[in-house]
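Working notes, beginning with the structure itself.
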Amino acid sequence: MAVTTDLEKILEDAAAYLYVWALKDIPQDLRDALKAARGRETSISGQRVLDTILRNVEVADTEKNLVCQDTGIAVYYCRVGEHFPLHPARIYQALYDGTERATIEHPLRSNTVHTLTRENTGQNVGYRVPIVHWDFVQGWDGLDVKCVPKGSGSENMSFLKMCVPADGVAGVKRFVLDSIVGAGGKPCPPGIVGVGIGGSADYAMHLAKEAIARPVGTRNPDPEAAKLEDELLELLNETGIGPMGLGGDVTALYVHVEHADTHMTLNPVAVNYQCWAARRATAHVAADGAVEYDREA
């Protein structure tokens with residue numbers, strides 16, 4: 001039987017807090033983006049939808065309740081220092097236990113089911129759930145944990161295409177545009193469109209998911225990728241899909257692009273949509289167990 005260490009318990013507590021915090025209190029950058037979208041929107045239906053969204057956020061604040069009833073699937077991003085004293089296996093167990101605890105103690109709706117039988121597998125936990133993405137950092141003894149609960153409406157609007165190199169950037173734009181137009185109002189726009197380019201098929205989709213976890217409006221440091229972000233945002237907001245698909249000027253709050261180098265004969269492109277309630281919360285855990293929560297990361 002495994003023995004739970006003090007640091008593991010601290011991380012479990014942090015995970016439980018992050019999951020609920022992310023579901024209740026959306027980041028300031030997202031609030032600002034939604035207010036700015038309301039200022040830009042000219043259609044009556046779009047204005048009404050954005051007014052309702054902003055009112056929804058206010059009510060969640062006042063009532064200290066969830067921003068959306070879909071508590072999503074728990075996704076964590078972990079940056080682990082090579083000298084952090086807790087093994088990744090124990091980190092995962094702490095995240096698992098914290099997710100389960102948060103679901104029971106709040107309580108939250110439990111969404112996880114067996115993929116084939118559709119039977120519930122636990123309190124938002126199960127086989128390979130929560131989902132954890134790892135990044136390891138040399139010469140550091142800390143741990144960053146970002147919780148990004150992902151609702152099913154937006155996650156269902158995920159797309160992958162193995163473009164060919166001859167398609168070029170124009171092919172990337174065409175695929176992203178076709179994907180968002182096809183999604184329409186299903187992913188609860190206006191939201192963040194994450195685009196992953198390069199690597200392999202699976203890694204492109206990972207990059208697209210990573211992109212939606214960035215603070216709203218942050219730009220890719222690569223000038224070509226940043227240029228593509230701007231061009232895609234303009235294209236998507238010219239579609240007229242608008243808030244909740246009812247028509248308008250604002251279909252996307254922002255487009256975030258992440259990329260990786262790839263094989264000379266590959267050009268994978270992935271799209272992952274994040275709804276208007278782009279929930280995320282981050283904790284920085286020091287080797288001595290000190291925890292600092294960060295809304296802006």
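All residue names refer to the structure tokens as shown: chains lettered A, B, ... in order, residues numbered from 1 in each chain, ligands numbered from 1 in order.
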Exercise. If we count only C-alpha atoms, what is near A:Pro130 at a cut-off of 9 Å, once residues fewer than 5 positions away on the same chain are taken out, given as a list in words?
Worked result: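 Returned residues: Ile73, Ala74, Val75, Tyr76, Tyr92, Leu95, Tyr96, Thr99, Asn124 and Val125 of chain A.
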Give me a file of those residues, with N, CA, C and O atoms, as a short mmCIF file (atom, residue, chain, number, x, y, z; two decimals), in the first residue's frame.
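What landed in result03.cif:
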```
data_model
loop_
_atom_site.label_atom_id
_atom_site.label_comp_id
_atom_site.auth_asym_id
_atom_site.auth_seq_id
_atom_site.Cartn_x
_atom_site.Cartn_y
_atom_site.Cartn_z
N ILE A 73 -14.32 17.60 -18.63
CA ILE A 73 -13.37 16.56 -18.28
C ILE A 73 -12.12 17.27 -17.77
O ILE A 73 -11.69 18.28 -18.32
N ALA A 74 -11.58 16.78 -16.66
CA ALA A 74 -10.46 17.46 -16.03
C ALA A 74 -9.17 17.21 -16.82
O ALA A 74 -8.77 16.06 -17.03
N VAL A 75 -8.56 18.29 -17.27
CA VAL A 75 -7.30 18.24 -18.00
C VAL A 75 -6.28 19.07 -17.23
O VAL A 75 -6.55 20.21 -16.86
N TYR A 76 -5.11 18.49 -16.98
CA TYR A 76 -4.05 19.20 -16.26
C TYR A 76 -2.79 19.27 -17.13
O TYR A 76 -2.45 18.33 -17.83
N TYR A 92 0.56 12.31 -10.38
CA TYR A 92 -0.69 11.91 -11.04
C TYR A 92 -1.73 11.44 -10.02
O TYR A 92 -2.90 11.80 -10.10
N LEU A 95 -3.33 14.38 -8.34
CA LEU A 95 -4.29 15.05 -9.21
C LEU A 95 -5.58 14.25 -9.33
O LEU A 95 -6.69 14.80 -9.33
N TYR A 96 -5.43 12.94 -9.42
CA TYR A 96 -6.59 12.04 -9.48
C TYR A 96 -7.44 12.18 -8.21
O TYR A 96 -8.66 12.39 -8.26
N THR A 99 -9.14 15.65 -7.91
CA THR A 99 -10.30 15.78 -8.80
C THR A 99 -11.50 15.06 -8.21
O THR A 99 -12.63 15.58 -8.21
N ASN A 124 -15.75 12.01 -11.71
CA ASN A 124 -14.92 12.72 -12.68
C ASN A 124 -13.51 12.14 -12.79
O ASN A 124 -12.56 12.84 -13.17
N VAL A 125 -13.40 10.87 -12.46
CA VAL A 125 -12.15 10.13 -12.63
C VAL A 125 -12.47 8.78 -13.25
O VAL A 125 -13.61 8.34 -13.27
#
```
For this session: Could you give me, as a PyMOL selection string, each residue of stretch 24-264 of chain A that DSSP assigns to alpha helix (DSSP H) when run on this structure's backbone?
Result: chain A and resi 24+28-40+44-63+88-105+152-155+168-183+201-212+223-236
Exercise. Do you know which residues are at most 9 Å from A:Leu7 counting only C-alpha atoms, after dropping those on the same chain fewer than 2 positions away, and could you put them as a ChimeraX atom specification?
Worked result: /A:4-5,9-12,85-86,287-289
Please dump the current selection as a short mmCIF file (atom, residue, chain, number, x, y, z; two decimals), in the first residue's frame; keep N, CA, C and O atoms.
```cif
data_model
loop_
_atom_site.label_atom_id
_atom_site.label_comp_id
_atom_site.auth_asym_id
_atom_site.auth_seq_id
_atom_site.Cartn_x
_atom_site.Cartn_y
_atom_site.Cartn_z
N THR A 4 0.98 8.08 1.51
CA THR A 4 0.81 9.44 1.03
C THR A 4 1.74 10.37 1.80
O THR A 4 1.71 10.43 3.03
N THR A 5 2.57 11.11 1.08
CA THR A 5 3.49 12.04 1.71
C THR A 5 2.79 13.38 1.93
O THR A 5 1.72 13.66 1.37
N LYS A 9 -0.14 15.23 -0.37
CA LYS A 9 -1.41 15.74 0.17
C LYS A 9 -1.59 17.21 -0.18
O LYS A 9 -2.70 17.65 -0.50
N ILE A 10 -0.51 17.97 -0.13
CA ILE A 10 -0.57 19.39 -0.51
C ILE A 10 -1.00 19.52 -1.97
O ILE A 10 -1.84 20.35 -2.32
N LEU A 11 -0.44 18.68 -2.83
CA LEU A 11 -0.79 18.72 -4.24
C LEU A 11 -2.22 18.27 -4.48
O LEU A 11 -2.93 18.82 -5.33
N GLU A 12 -2.67 17.28 -3.72
CA GLU A 12 -4.07 16.84 -3.82
C GLU A 12 -5.01 17.99 -3.46
O GLU A 12 -6.01 18.24 -4.15
N PRO A 85 10.69 17.05 -5.67
CA PRO A 85 10.87 15.82 -4.88
C PRO A 85 9.75 14.79 -4.98
O PRO A 85 9.83 13.76 -4.30
N LEU A 86 8.74 15.02 -5.80
CA LEU A 86 7.66 14.05 -5.92
C LEU A 86 7.68 13.43 -7.32
O LEU A 86 7.69 14.14 -8.33
N ALA A 287 9.26 23.14 -3.90
CA ALA A 287 9.76 21.88 -3.38
C ALA A 287 9.46 21.72 -1.90
O ALA A 287 9.32 20.60 -1.40
N ASP A 288 9.35 22.86 -1.17
CA ASP A 288 9.06 22.78 0.26
C ASP A 288 7.56 22.72 0.56
O ASP A 288 7.15 22.73 1.73
N GLY A 289 6.74 22.67 -0.50
CA GLY A 289 5.30 22.54 -0.32
C GLY A 289 4.52 23.85 -0.35
O GLY A 289 3.29 23.83 -0.27
#
```
Exercise. Hey, which of A:Val291, A:Ala22, A:Val271, A:Val257 ends up closest to A:Asp178? Count only C-alpha atoms.
Worked result: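 Under the stated criterion, the closest residue is A:Val271.
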For this session: Could you check which of A:Val176, A:Asp294, A:Lys161, A:Asn272 is closest to A:Thr239, using only C-alpha atoms?
Result: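 Looking at the shortest contact to A:Thr239, the residue is A:Val176.
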For this session: Return the single residue from A:Ile192, A:Val137, A:Ala15, A:Ala36 that is closest to A:Glu82, with distances computed using only C-alpha atoms.
Result: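 Of all the options, A:Val137 lies closest to A:Glu82.
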Seminar exercise, completed: One residue among A:Met157, A:Ala286, A:Ala37, A:Ala60 is nearest to A:Ala252 when using only C-alpha atoms, and that residue is A:Ala37
Just want the 8 Å neighbourhood of A:Val255, counted on only C-alpha atoms, with same-chain residues fewer than 4 positions away dropped. Output as a PDB file with N, CA, C and O atoms, in the first residue's frame.
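Generated file (selection23.pdb):
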```
ATOM      1  N   ILE A 192     -12.214  30.669 -28.013  1.00  0.00           N
ATOM      2  CA  ILE A 192     -10.819  30.668 -28.451  1.00  0.00           C
ATOM      3  C   ILE A 192     -10.619  29.502 -29.400  1.00  0.00           C
ATOM      4  O   ILE A 192     -10.992  28.372 -29.082  1.00  0.00           O
ATOM      5  N   VAL A 193     -10.047  29.777 -30.542  1.00  0.00           N
ATOM      6  CA  VAL A 193      -9.746  28.730 -31.513  1.00  0.00           C
ATOM      7  C   VAL A 193      -8.268  28.385 -31.389  1.00  0.00           C
ATOM      8  O   VAL A 193      -7.401  29.243 -31.599  1.00  0.00           O
ATOM      9  N   GLY A 194      -7.995  27.146 -31.000  1.00  0.00           N
ATOM     10  CA  GLY A 194      -6.624  26.675 -30.903  1.00  0.00           C
ATOM     11  C   GLY A 194      -6.237  25.916 -32.158  1.00  0.00           C
ATOM     12  O   GLY A 194      -6.983  25.039 -32.607  1.00  0.00           O
ATOM     13  N   VAL A 195      -5.101  26.262 -32.738  1.00  0.00           N
ATOM     14  CA  VAL A 195      -4.624  25.625 -33.957  1.00  0.00           C
ATOM     15  C   VAL A 195      -3.245  25.028 -33.684  1.00  0.00           C
ATOM     16  O   VAL A 195      -2.340  25.733 -33.220  1.00  0.00           O
ATOM     17  N   GLY A 217      -5.427  36.259 -25.987  1.00  0.00           N
ATOM     18  CA  GLY A 217      -4.733  37.356 -26.647  1.00  0.00           C
ATOM     19  C   GLY A 217      -3.227  37.276 -26.619  1.00  0.00           C
ATOM     20  O   GLY A 217      -2.556  38.124 -27.227  1.00  0.00           O
ATOM     21  N   GLU A 229      -2.014  33.868 -36.668  1.00  0.00           N
ATOM     22  CA  GLU A 229      -3.058  34.104 -35.669  1.00  0.00           C
ATOM     23  C   GLU A 229      -3.938  35.290 -36.065  1.00  0.00           C
ATOM     24  O   GLU A 229      -5.175  35.214 -36.007  1.00  0.00           O
ATOM     25  N   ASP A 230      -3.292  36.380 -36.453  1.00  0.00           N
ATOM     26  CA  ASP A 230      -4.036  37.584 -36.837  1.00  0.00           C
ATOM     27  C   ASP A 230      -4.897  37.341 -38.073  1.00  0.00           C
ATOM     28  O   ASP A 230      -6.064  37.764 -38.131  1.00  0.00           O
ATOM     29  N   LEU A 232      -6.055  34.495 -39.282  1.00  0.00           N
ATOM     30  CA  LEU A 232      -7.157  33.563 -39.012  1.00  0.00           C
ATOM     31  C   LEU A 232      -8.270  34.243 -38.217  1.00  0.00           C
ATOM     32  O   LEU A 232      -9.462  34.016 -38.482  1.00  0.00           O
ATOM     33  N   LEU A 233      -7.908  35.069 -37.241  1.00  0.00           N
ATOM     34  CA  LEU A 233      -8.923  35.767 -36.451  1.00  0.00           C
ATOM     35  C   LEU A 233      -9.782  36.648 -37.350  1.00  0.00           C
ATOM     36  O   LEU A 233     -11.018  36.672 -37.231  1.00  0.00           O
TER      37      LEU A 233
END
```
For this session: Write down as a PyMOL selection string the residues belonging to stretch 40-246 of chain A that are assigned strand (DSSP E or B) by DSSP computed on the backbone.
Result: chain A and resi 73+75-81+113+120+126+129+131-137+143-147+150+158-163+191-199
Exercise. Any idea what the distance is between atom CA of A:Ile180 and atom CA of A:Leu236?
Worked result: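 Answer for the atom CA of A:Ile180 to atom CA of A:Leu236 separation: 7.4 Å.
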Seminar exercise, completed: Counting only C-alpha atoms, the residue among A:Met205, A:Leu34, A:Ala16, A:Ala281 that lies closest to A:Arg101 is A:Ala16
Considering only C-alpha atoms, return as an mmCIF file with C-alpha atoms, in the first residue's frame whatever protein or nucleic-acid residues lie within 9 Å of A:Lys35, sequence-local ones (same chain, fewer than 5 positions apart) excluded.
```cif
data_model
loop_
_atom_site.group_PDB
_atom_site.id
_atom_site.type_symbol
_atom_site.label_atom_id
_atom_site.label_comp_id
_atom_site.auth_asym_id
_atom_site.auth_seq_id
_atom_site.Cartn_x
_atom_site.Cartn_y
_atom_site.Cartn_z
ATOM 1 C CA LEU A 30 -11.323 36.351 -20.626
ATOM 2 C CA ARG A 40 -17.514 45.400 -31.168
ATOM 3 C CA LEU A 50 -23.074 38.649 -25.076
ATOM 4 C CA ASP A 51 -25.162 40.583 -22.537
ATOM 5 C CA LEU A 54 -21.700 38.747 -19.122
#
```
Any idea what's packed within 10 Å of A:Asn111, counting only C-alpha atoms, ignoring anything in its chain fewer than 2 positions away? Could you give it as a tab-separated table (two decimals) with N, CA and C atoms, in the first residue's frame?
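What landed in out-v1.tsv:
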```tsv
chain	number	residue	atom	x	y	z
A	70	ASP	N	-21.75	22.34	-17.29
A	70	ASP	CA	-20.87	21.27	-17.76
A	70	ASP	C	-19.53	21.40	-17.07
A	71	THR	N	-19.28	20.52	-16.12
A	71	THR	CA	-18.02	20.57	-15.37
A	71	THR	C	-16.86	19.98	-16.17
A	72	GLY	N	-17.16	19.49	-17.37
A	72	GLY	CA	-16.12	19.10	-18.30
A	72	GLY	C	-15.37	17.84	-17.91
A	73	ILE	N	-14.32	17.60	-18.63
A	73	ILE	CA	-13.37	16.56	-18.28
A	73	ILE	C	-12.12	17.27	-17.77
A	74	ALA	N	-11.58	16.78	-16.66
A	74	ALA	CA	-10.46	17.46	-16.03
A	74	ALA	C	-9.17	17.21	-16.82
A	108	LEU	N	-19.88	18.37	-7.62
A	108	LEU	CA	-19.92	18.67	-9.05
A	108	LEU	C	-20.59	17.53	-9.80
A	109	ARG	N	-21.12	17.83	-10.96
A	109	ARG	CA	-21.65	16.78	-11.82
A	109	ARG	C	-20.52	15.87	-12.26
A	113	VAL	N	-17.39	8.40	-18.11
A	113	VAL	CA	-18.02	7.11	-18.37
A	113	VAL	C	-17.05	6.21	-19.12
A	120	ASN	N	-20.97	5.09	-15.80
A	120	ASN	CA	-20.19	6.05	-15.04
A	120	ASN	C	-19.03	5.34	-14.35
A	121	THR	N	-17.84	5.97	-14.40
A	121	THR	CA	-16.64	5.32	-13.87
A	121	THR	C	-16.15	5.93	-12.56
A	122	GLY	N	-16.84	6.94	-12.06
A	122	GLY	CA	-16.38	7.54	-10.82
A	122	GLY	C	-16.69	9.02	-10.77
A	123	GLN	N	-16.14	9.67	-9.78
A	123	GLN	CA	-16.40	11.09	-9.55
A	123	GLN	C	-15.45	11.95	-10.40
A	124	ASN	N	-15.75	12.01	-11.71
A	124	ASN	CA	-14.92	12.72	-12.68
A	124	ASN	C	-13.51	12.14	-12.79
A	125	VAL	N	-13.40	10.87	-12.46
A	125	VAL	CA	-12.15	10.13	-12.63
A	125	VAL	C	-12.47	8.78	-13.25
A	151	GLY	N	-15.25	21.34	-21.57
A	151	GLY	CA	-16.62	20.93	-21.79
A	151	GLY	C	-16.77	20.15	-23.09
A	152	SER	N	-17.82	19.34	-23.15
A	152	SER	CA	-17.99	18.45	-24.31
A	152	SER	C	-18.46	19.17	-25.55
```
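Using only C-alpha atoms, the nearest neighbour of A:Gly198 within the list A:Thr262, A:Gln138, A:Thr251, A:Thr218 is A:Thr262.
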Exercise. Residues at most 9 Å from A:Thr282, counting only C-alpha atoms, excluding those fewer than 3 positions away in the same chain, as number ranges by chain?
Worked result: A: 18, 22, 144-148, 292-297
N, CA and C atoms of the current selection, written as a PDB file, in the first residue's frame:
```pdb
ATOM      1  N   LEU A  18      -8.066  23.881  -7.515  1.00  0.00           N
ATOM      2  CA  LEU A  18      -7.965  24.362  -8.887  1.00  0.00           C
ATOM      3  C   LEU A  18      -9.179  23.985  -9.718  1.00  0.00           C
ATOM      4  N   ALA A  22     -11.463  26.949 -11.165  1.00  0.00           N
ATOM      5  CA  ALA A  22     -11.560  27.143 -12.609  1.00  0.00           C
ATOM      6  C   ALA A  22     -13.012  27.134 -13.071  1.00  0.00           C
ATOM      7  N   ASP A 144       4.554  23.440 -11.770  1.00  0.00           N
ATOM      8  CA  ASP A 144       3.409  24.244 -12.165  1.00  0.00           C
ATOM      9  C   ASP A 144       2.296  23.307 -12.611  1.00  0.00           C
ATOM     10  N   VAL A 145       1.104  23.527 -12.097  1.00  0.00           N
ATOM     11  CA  VAL A 145      -0.059  22.722 -12.474  1.00  0.00           C
ATOM     12  C   VAL A 145      -1.155  23.650 -12.970  1.00  0.00           C
ATOM     13  N   LYS A 146      -1.558  23.470 -14.219  1.00  0.00           N
ATOM     14  CA  LYS A 146      -2.659  24.245 -14.785  1.00  0.00           C
ATOM     15  C   LYS A 146      -3.832  23.310 -15.023  1.00  0.00           C
ATOM     16  N   CYS A 147      -4.989  23.663 -14.470  1.00  0.00           N
ATOM     17  CA  CYS A 147      -6.210  22.881 -14.659  1.00  0.00           C
ATOM     18  C   CYS A 147      -7.072  23.566 -15.714  1.00  0.00           C
ATOM     19  N   VAL A 148      -7.440  22.813 -16.745  1.00  0.00           N
ATOM     20  CA  VAL A 148      -8.267  23.341 -17.825  1.00  0.00           C
ATOM     21  C   VAL A 148      -9.463  22.401 -18.021  1.00  0.00           C
ATOM     22  N   GLU A 292       1.353  28.690  -4.518  1.00  0.00           N
ATOM     23  CA  GLU A 292       0.910  30.013  -4.940  1.00  0.00           C
ATOM     24  C   GLU A 292      -0.055  29.829  -6.108  1.00  0.00           C
ATOM     25  N   TYR A 293      -1.250  30.381  -5.972  1.00  0.00           N
ATOM     26  CA  TYR A 293      -2.261  30.253  -7.027  1.00  0.00           C
ATOM     27  C   TYR A 293      -2.166  31.452  -7.963  1.00  0.00           C
ATOM     28  N   ASP A 294      -2.352  31.180  -9.255  1.00  0.00           N
ATOM     29  CA  ASP A 294      -2.145  32.193 -10.290  1.00  0.00           C
ATOM     30  C   ASP A 294      -3.302  32.161 -11.274  1.00  0.00           C
ATOM     31  N   ARG A 295      -4.075  33.225 -11.345  1.00  0.00           N
ATOM     32  CA  ARG A 295      -5.178  33.320 -12.271  1.00  0.00           C
ATOM     33  C   ARG A 295      -4.722  33.714 -13.678  1.00  0.00           C
ATOM     34  N   GLU A 296      -3.565  34.362 -13.795  1.00  0.00           N
ATOM     35  CA  GLU A 296      -3.181  34.939 -15.086  1.00  0.00           C
ATOM     36  C   GLU A 296      -2.417  33.961 -15.978  1.00  0.00           C
ATOM     37  N   ALA A 297      -1.897  32.870 -15.427  1.00  0.00           N
ATOM     38  CA  ALA A 297      -1.065  31.957 -16.203  1.00  0.00           C
ATOM     39  C   ALA A 297      -1.902  31.135 -17.182  1.00  0.00           C
TER      40      ALA A 297
END
```
